[in-house]
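Enquirer: Structure: input33.cif, mmCIF, C-alpha atoms.
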data_data
loop_
_atom_site.label_atom_id
_atom_site.label_comp_id
_atom_site.auth_asym_id
_atom_site.auth_seq_id
_atom_site.Cartn_x
_atom_site.Cartn_y
_atom_site.Cartn_z
CA MET L 1 18.55 -8.03 -19.81
CA LEU L 2 20.91 -8.67 -16.89
CA GLN L 3 18.83 -6.54 -14.47
CA GLY L 4 17.71 -8.49 -11.43
CA LEU L 5 20.07 -11.42 -11.98
CA TYR L 6 22.40 -12.80 -9.34
CA LEU L 7 26.12 -12.81 -10.13
CA TYR L 8 26.21 -16.59 -10.59
CA GLU L 9 23.34 -16.33 -13.11
CA ILE L 10 25.20 -13.67 -15.09
CA ILE L 11 28.34 -15.85 -15.10
CA LEU L 12 26.20 -18.84 -16.13
CA MET L 13 24.72 -16.88 -19.03
CA ILE L 14 28.10 -15.57 -20.24
CA THR L 15 29.73 -19.00 -19.92
CA GLY L 16 26.81 -20.57 -21.76
CA GLY L 17 27.18 -18.02 -24.54
CA ILE L 18 30.87 -18.76 -24.90
CA LEU L 19 30.24 -22.50 -24.92
CA PHE L 20 27.49 -22.08 -27.51
CA LEU L 21 29.79 -20.09 -29.80
CA ALA L 22 32.53 -22.69 -29.37
CA LEU L 23 30.10 -25.45 -30.35
CA VAL L 24 28.91 -23.46 -33.36
CA PHE L 25 32.55 -23.02 -34.43
CA ALA L 26 33.17 -26.75 -33.96
CA LEU L 27 30.04 -27.54 -35.95
CA ILE L 28 31.10 -25.31 -38.86
CA TRP L 29 34.61 -26.77 -38.75
CA ASN L 30 33.27 -30.33 -38.96
CA VAL L 31 31.00 -29.39 -41.86
CA ILE L 32 33.93 -27.86 -43.73
CA LYS L 33 36.06 -30.95 -43.07
CA GLY L 34 33.21 -33.24 -44.06
CA LYS L 35 33.05 -34.86 -40.64
CA ASN L 36 29.96 -36.23 -38.90
CA ILE L 37 28.19 -33.49 -36.89
CA VAL L 38 25.53 -35.64 -35.20
CA SER L 39 27.74 -36.34 -32.19
CA LEU L 40 28.01 -32.59 -31.51
CA LEU L 41 24.27 -31.84 -31.45
CA PRO L 42 23.49 -33.15 -27.91
CA PHE L 43 26.14 -30.83 -26.48
CA PHE L 44 24.10 -27.80 -27.57
CA PHE L 45 21.52 -28.60 -24.87
CA LEU L 46 23.87 -27.52 -22.07
CA PRO L 47 24.61 -23.94 -23.25
CA ILE L 48 20.95 -23.46 -24.17
CA VAL L 49 20.00 -24.27 -20.57
CA MET L 50 22.83 -22.10 -19.23
CA ILE L 51 21.58 -19.14 -21.27
CA GLY L 52 17.87 -19.85 -21.00
CA TRP L 53 17.55 -20.24 -17.23
CA PRO L 54 18.90 -16.75 -16.36
CA ALA L 55 16.89 -15.30 -19.26
CA ILE L 56 13.68 -16.77 -17.87
CA LYS L 57 14.50 -15.43 -14.41
CA SER L 58 15.19 -11.98 -15.86
CA VAL L 59 11.88 -11.92 -17.74
CA SER L 60 10.03 -13.11 -14.63
CA TYR L 61 11.71 -10.40 -12.58
CA ASP L 62 10.86 -7.68 -15.09
CA ASN L 63 7.24 -8.84 -15.33
CA GLY L 64 6.93 -8.83 -11.54
CA LYS L 65 8.37 -5.34 -11.35
CA ILE L 66 5.94 -4.05 -13.97
CA ASP L 67 2.98 -5.82 -12.36
CA ILE L 68 3.70 -4.22 -8.97
CA GLU L 69 3.93 -0.75 -10.51
CA LYS L 70 0.71 -1.19 -12.51
CA THR L 71 -1.32 -2.59 -9.62
CA ALA L 72 -0.01 0.04 -7.19
CA THR L 73 -1.04 2.81 -9.58
CA GLU L 74 -4.51 1.30 -9.93
CA LEU L 75 -4.89 0.97 -6.16
CA ILE L 76 -3.84 4.59 -5.57
CA GLN L 77 -6.69 5.58 -7.88
CA ASN L 78 -9.14 3.12 -6.26
CA PRO L 79 -8.06 2.69 -2.60
CA ALA L 80 -11.33 1.00 -1.57
CA ASP L 81 -10.87 -1.86 -4.05
CA THR L 82 -10.16 -4.84 -1.80
CA ALA L 83 -9.38 -7.09 -4.77
CA LEU L 84 -6.60 -4.74 -5.83
CA GLN L 85 -5.33 -4.59 -2.24
CA LYS L 86 -5.06 -8.38 -2.08
CA LYS L 87 -3.49 -8.60 -5.53
CA LEU L 88 -0.84 -6.03 -4.66
CA GLU L 89 -0.09 -7.65 -1.30
CA LYS L 90 0.43 -10.98 -3.09
CA SER L 91 2.60 -9.41 -5.80
CA VAL L 92 4.90 -7.80 -3.23
CA ALA L 93 5.01 -10.97 -1.11
CA THR L 94 6.11 -13.14 -4.05
CA PHE L 95 8.55 -10.64 -5.57
CA ASP L 96 12.20 -11.45 -4.96
CA THR L 97 13.31 -8.21 -3.27
CA THR L 98 16.88 -9.52 -2.99
CA ARG L 99 17.19 -9.37 -6.78
CA ALA L 100 16.09 -5.73 -6.63
CA ALA L 101 18.93 -4.68 -4.32
CA ASN L 102 20.74 -2.82 -7.10
CA ASP L 103 17.71 -1.79 -9.15
CA PRO L 104 16.41 1.65 -8.09
CA VAL L 105 13.32 1.40 -10.29
CA ALA L 106 12.28 -1.92 -8.76
CA LEU L 107 12.97 -0.64 -5.24
CA ASN L 108 10.83 2.40 -5.91
CA ASN L 109 8.05 0.22 -7.34
CA ILE L 110 8.04 -1.71 -4.07
CA SER L 111 7.94 1.61 -2.23
CA GLN L 112 4.98 2.67 -4.36
CA ALA L 113 3.21 -0.59 -3.50
CA TYR L 114 3.59 0.03 0.23
CA TYR L 115 2.48 3.63 -0.32
CA ALA L 116 -0.66 2.44 -2.10
CA LEU L 117 -1.36 0.06 0.78
CA GLY L 118 -0.94 2.82 3.37
CA LYS L 119 2.29 1.30 4.74
CA TYR L 120 4.22 4.55 4.81
CA ASP L 121 7.10 3.41 7.03
CA ASP L 122 7.90 0.54 4.64
CA ALA L 123 7.34 2.84 1.65
CA SER L 124 9.89 5.27 3.05
CA ILE L 125 12.48 2.53 3.60
CA TYR L 126 12.36 1.32 -0.01
CA ASN L 127 12.12 4.86 -1.37
CA GLN L 128 15.32 5.75 0.48
CA LYS L 129 17.03 2.65 -0.93
CA ALA L 130 16.00 3.68 -4.45
CA LEU L 131 17.27 7.23 -3.97
CA SER L 132 20.54 5.99 -2.50
CA LEU L 133 21.17 4.21 -5.82
CA ASN L 134 19.85 7.02 -8.02
CA ALA L 135 19.23 10.33 -6.30
CA ALA L 136 17.91 11.84 -9.54
CA LEU L 137 15.26 9.19 -10.24
CA PRO L 138 12.14 11.34 -10.95
CA GLN L 139 9.53 8.85 -9.78
CA ALA L 140 11.42 8.27 -6.54
CA ILE L 141 11.69 12.00 -5.86
CA ASN L 142 7.96 12.48 -6.50
CA LEU L 143 7.06 9.48 -4.37
CA LYS L 144 9.21 10.77 -1.50
CA ALA L 145 7.15 13.98 -1.46
CA GLY L 146 3.94 11.96 -1.53
CA ILE L 147 5.04 9.76 1.36
CA GLU L 148 6.01 12.76 3.47
CA LYS L 149 2.63 14.38 2.78
CA GLN L 150 0.69 11.27 3.79
CA VAL L 151 2.80 10.82 6.93
CA ALA L 152 1.93 14.40 7.93
CA VAL L 153 -1.76 13.68 7.26
CA LYS L 154 -1.58 10.50 9.31
CA ASN L 155 0.11 12.26 12.23
CA ASN L 156 -2.51 15.03 12.19
CA TYR L 157 -5.28 12.45 12.09
CA GLU L 158 -3.87 10.44 14.99
CA GLN L 159 -3.51 13.61 17.06
CA SER L 160 -7.10 14.56 16.26
CA ILE L 161 -8.32 11.10 17.27
CA ARG L 162 -6.58 11.41 20.63
CA GLN L 163 -8.16 14.83 21.19
CA LEU L 164 -11.61 13.57 20.22
CA ASP L 165 -11.24 10.52 22.40
CA ASN L 166 -10.44 12.70 25.41
CA SER L 167 -13.24 15.14 24.64
CA ILE L 168 -16.00 12.53 24.33
CA ALA L 169 -14.88 10.17 27.10
CA ALA L 170 -17.26 11.57 29.72
CA ALA L 171 -20.19 11.72 27.31
CA ASP L 172 -19.75 8.34 25.67
CA SER L 173 -22.88 6.19 25.64
CA GLY L 174 -25.01 8.88 27.27
CA LYS L 175 -23.13 9.12 30.56
CA ALA L 176 -23.31 12.91 30.41
CA THR L 177 -24.55 15.74 28.25
CA LEU L 178 -21.96 17.82 26.46
CA THR L 179 -21.66 21.48 27.36
CA PRO L 180 -21.82 24.00 24.50
CA ALA L 181 -18.08 24.62 24.93
CA ALA L 182 -17.27 20.91 24.70
CA THR L 183 -19.50 20.59 21.64
CA GLN L 184 -17.73 23.46 19.90
CA LYS L 185 -14.36 21.90 20.70
CA ILE L 186 -15.37 18.61 19.08
CA VAL L 187 -16.71 20.41 16.02
CA GLY L 188 -13.46 22.35 15.70
CA ILE L 189 -11.40 19.16 15.80
CA LEU L 190 -13.62 17.45 13.21
CA LYS L 191 -13.41 20.46 10.88
CA THR L 192 -9.62 20.69 10.93
CA MET L 193 -8.89 16.96 11.04
CA LYS L 194 -6.89 15.68 8.09
CA GLN L 195 -8.15 12.43 6.61
CA PRO L 196 -5.75 9.61 5.69
CA VAL L 197 -6.47 7.24 2.83
CA TYR L 198 -6.82 4.31 5.24
CA THR L 199 -7.75 4.07 8.88
CA ASP L 200 -8.63 1.36 11.39
CA GLU L 201 -11.92 0.45 13.00
CA LYS L 202 -11.12 1.86 16.43
CA SER L 203 -10.19 5.30 15.13
CA SER L 204 -13.19 5.44 12.82
CA LEU L 205 -15.54 4.70 15.71
CA VAL L 206 -14.10 7.65 17.61
CA VAL L 207 -15.00 9.84 14.63
CA ALA L 208 -18.47 8.27 14.46
CA LYS L 209 -19.15 8.92 18.15
CA ALA L 210 -17.86 12.48 17.87
CA LEU L 211 -20.21 13.14 14.96
CA ALA L 212 -23.12 11.68 16.88
CA LEU L 213 -22.30 13.84 19.87
CA VAL L 214 -22.61 16.99 17.76
CA ASN L 215 -25.91 15.83 16.24
CA LYS L 216 -24.52 14.67 12.91
CA LYS L 217 -26.30 11.33 12.96
CA GLU L 218 -26.32 10.71 9.20
CA GLN L 219 -22.58 11.28 8.83
CA SER L 220 -21.97 9.27 11.98
CA MET L 221 -23.92 6.30 10.61
CA GLN L 222 -22.00 6.46 7.34
CA VAL L 223 -18.72 6.06 9.20
CA VAL L 224 -20.05 3.21 11.36
CA ASN L 225 -21.39 1.40 8.31
CA LYS L 226 -17.94 1.66 6.70
CA ALA L 227 -16.47 0.06 9.82
CA LEU L 228 -19.02 -2.75 9.63
CA GLU L 229 -18.23 -3.33 5.95
CA ALA L 230 -14.63 -3.96 6.99
CA ASN L 231 -15.61 -6.11 9.98
CA PRO L 232 -19.31 -7.11 9.91
CA LYS L 233 -19.10 -9.11 13.15
CA SER L 234 -17.47 -6.38 15.23
CA GLN L 235 -19.36 -6.13 18.51
CA GLU L 236 -17.87 -2.71 19.19
CA SER L 237 -19.10 -1.29 15.88
CA LEU L 238 -22.50 -2.89 16.32
CA GLN L 239 -22.82 -1.36 19.79
CA VAL L 240 -21.85 2.11 18.58
CA LYS L 241 -24.39 1.79 15.77
CA LYS L 242 -27.07 0.81 18.26
CA ASN L 243 -26.19 3.75 20.52
CA ILE L 244 -26.47 6.16 17.60
CA GLU L 245 -29.78 4.71 16.46
CA THR L 246 -31.30 4.91 19.94
CA GLY L 247 -30.04 8.46 20.55
CA LYS L 248 -27.83 7.66 23.52
CA TYR L 249 -25.30 10.29 22.53
CA LYS L 250 -26.49 13.58 24.01
CA THR L 251 -25.48 16.91 22.55
CA ALA L 252 -25.85 20.63 23.08
CA ALA L 253 -26.14 23.77 20.91
CA THR L 254 -27.18 21.74 17.86
CA ASP L 255 -28.32 24.79 15.90
CA SER L 256 -24.98 26.58 15.91
CA ALA L 257 -23.51 27.75 12.62
CA GLN L 258 -20.27 25.94 13.44
CA ILE L 259 -22.05 22.59 13.69
CA LYS L 260 -23.91 23.22 10.44
CA SER L 261 -20.57 23.89 8.76
CA LEU L 262 -19.79 20.18 9.14
CA ASP L 263 -22.55 19.31 6.67
CA SER L 264 -20.24 19.67 3.69
CA LYS L 265 -17.35 17.66 5.14
CA LYS L 266 -17.00 14.13 3.85
CA PHE L 267 -15.28 11.38 5.80
CA ASN L 268 -14.01 9.33 2.88
CA PHE L 269 -11.20 7.28 4.40
CA VAL L 270 -11.14 3.54 3.79
CA ILE L 271 -11.50 1.37 6.88
CA LYS L 272 -9.76 -1.97 6.58
CA LYS L 273 -8.20 -4.70 8.64
CA SER L 274 -4.43 -4.74 8.97
CA ALA L 275 -2.86 -6.69 6.10
CA THR L 276 0.27 -8.78 6.42
CA VAL L 277 2.78 -7.78 3.74
CA LYS L 278 6.25 -9.20 3.16
CA GLN L 279 8.96 -7.00 4.66
#
Would you give me this structure, written as structure tokens?
Expert:
Amino acid sequence: MLQGLYLYEIILMITGGILFLALVFALIWNVIKGKNIVSLLPFFFLPIVMIGWPAIKSVSYDNGKIDIEKTATELIQNPADTALQKKLEKSVATFDTTRAANDPVALNNISQAYYALGKYDDASIYNQKALSLNAALPQAINLKAGIEKQVAVKNNYEQSIRQLDNSIAAADSGKATLTPAATQKIVGILKTMKQPVYTDEKSSLVVAKALALVNKKEQSMQVVNKALEANPKSQESLQVKKNIETGKYKTAATDSAQIKSLDSKKFNFVIKKSATVKQ
């Protein structure tokens, strides 16, 4: 009941309780003595407010904590749901994180929210705060492992994007034809690349161009279309799409078994604009 309350609110509630009991005692005493009790009744309003205000704040805090956890869980299961993304961002932004300073469960729920939104640095900060208060909290321990896994995936992905970007620079927009060796290198990177839950438009276009350069037009178009869903007016995405459609990306050794092995790989990350979330 007292979870998430400031010290002054706890004192207010306790003082209100004491005052209420004192008034009840006075009321009973007056009844026993046959005295008029009407004059005492207005005084009950003050302790009711003193008790009720912190109680309302506590309920609001608990509801907010539960709502964040529920929405975060739903978003983890449906990362492409933009409505859930916006709802969770709003829930975190309006939640009083100061009240959660000594509540490991609430801190971990905030961490889970950032995790669901792909904000792994922020998720790690709140997860560490939760574990510092309760090192044995099961959900915090599990979330820590999940965060570390996704950070490793993200780092691998970013490294792969840099390698792809360097490999396709000379061949971008049909400036040159890839050699068989360069083609095989791009295919190797695409095959071993880890995929994060979320990525940005720029990185996704690198993947799209790399796929086009190894003659995987259908997969390439799927990635570009995802980028355009996130930002329909993006001139960069529109240009890449046009280049793919007109065959400006030249390739080599398109019949190799290694290239065909990419057929089964799905590029299922969610491309979205950066969202502003309360720190």
Enquirer: Report as number ranges by chain all protein, DNA and RNA residues lying within 12 Å of L:Ile161, evaluated on all atoms listed in the file, omitting residues in the same chain fewer than 3 positions from it.
Expert: L: 154-158, 164-169, 186, 189-190, 192-196, 199-200, 202-210
Enquirer: Return the single residue from L:Val197, L:Val224, L:Ala135, L:Ile11 that is closest to L:Leu75, with distances computed using only C-alpha atoms.
Expert: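 Among the listed residues, the smallest separation from L:Leu75 belongs to L:Val197.
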Enquirer: Find the residue from L:Ser132, L:Gln85, L:Gln184, L:Thr15 that sits nearest to L:Asp103; use only C-alpha atoms when measuring.
Expert: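 Looking only at the distances to L:Asp103, the closest residue turns out to be L:Ser132.
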Enquirer: Find the spatial neighbours of L:Asp96, counting all atoms listed in the file, within a cut-off of 8 Å - ignore same-chain residues fewer than 3 positions away - and output them as a PyMOL selection string.
Expert: chain L and resi 61+99-100
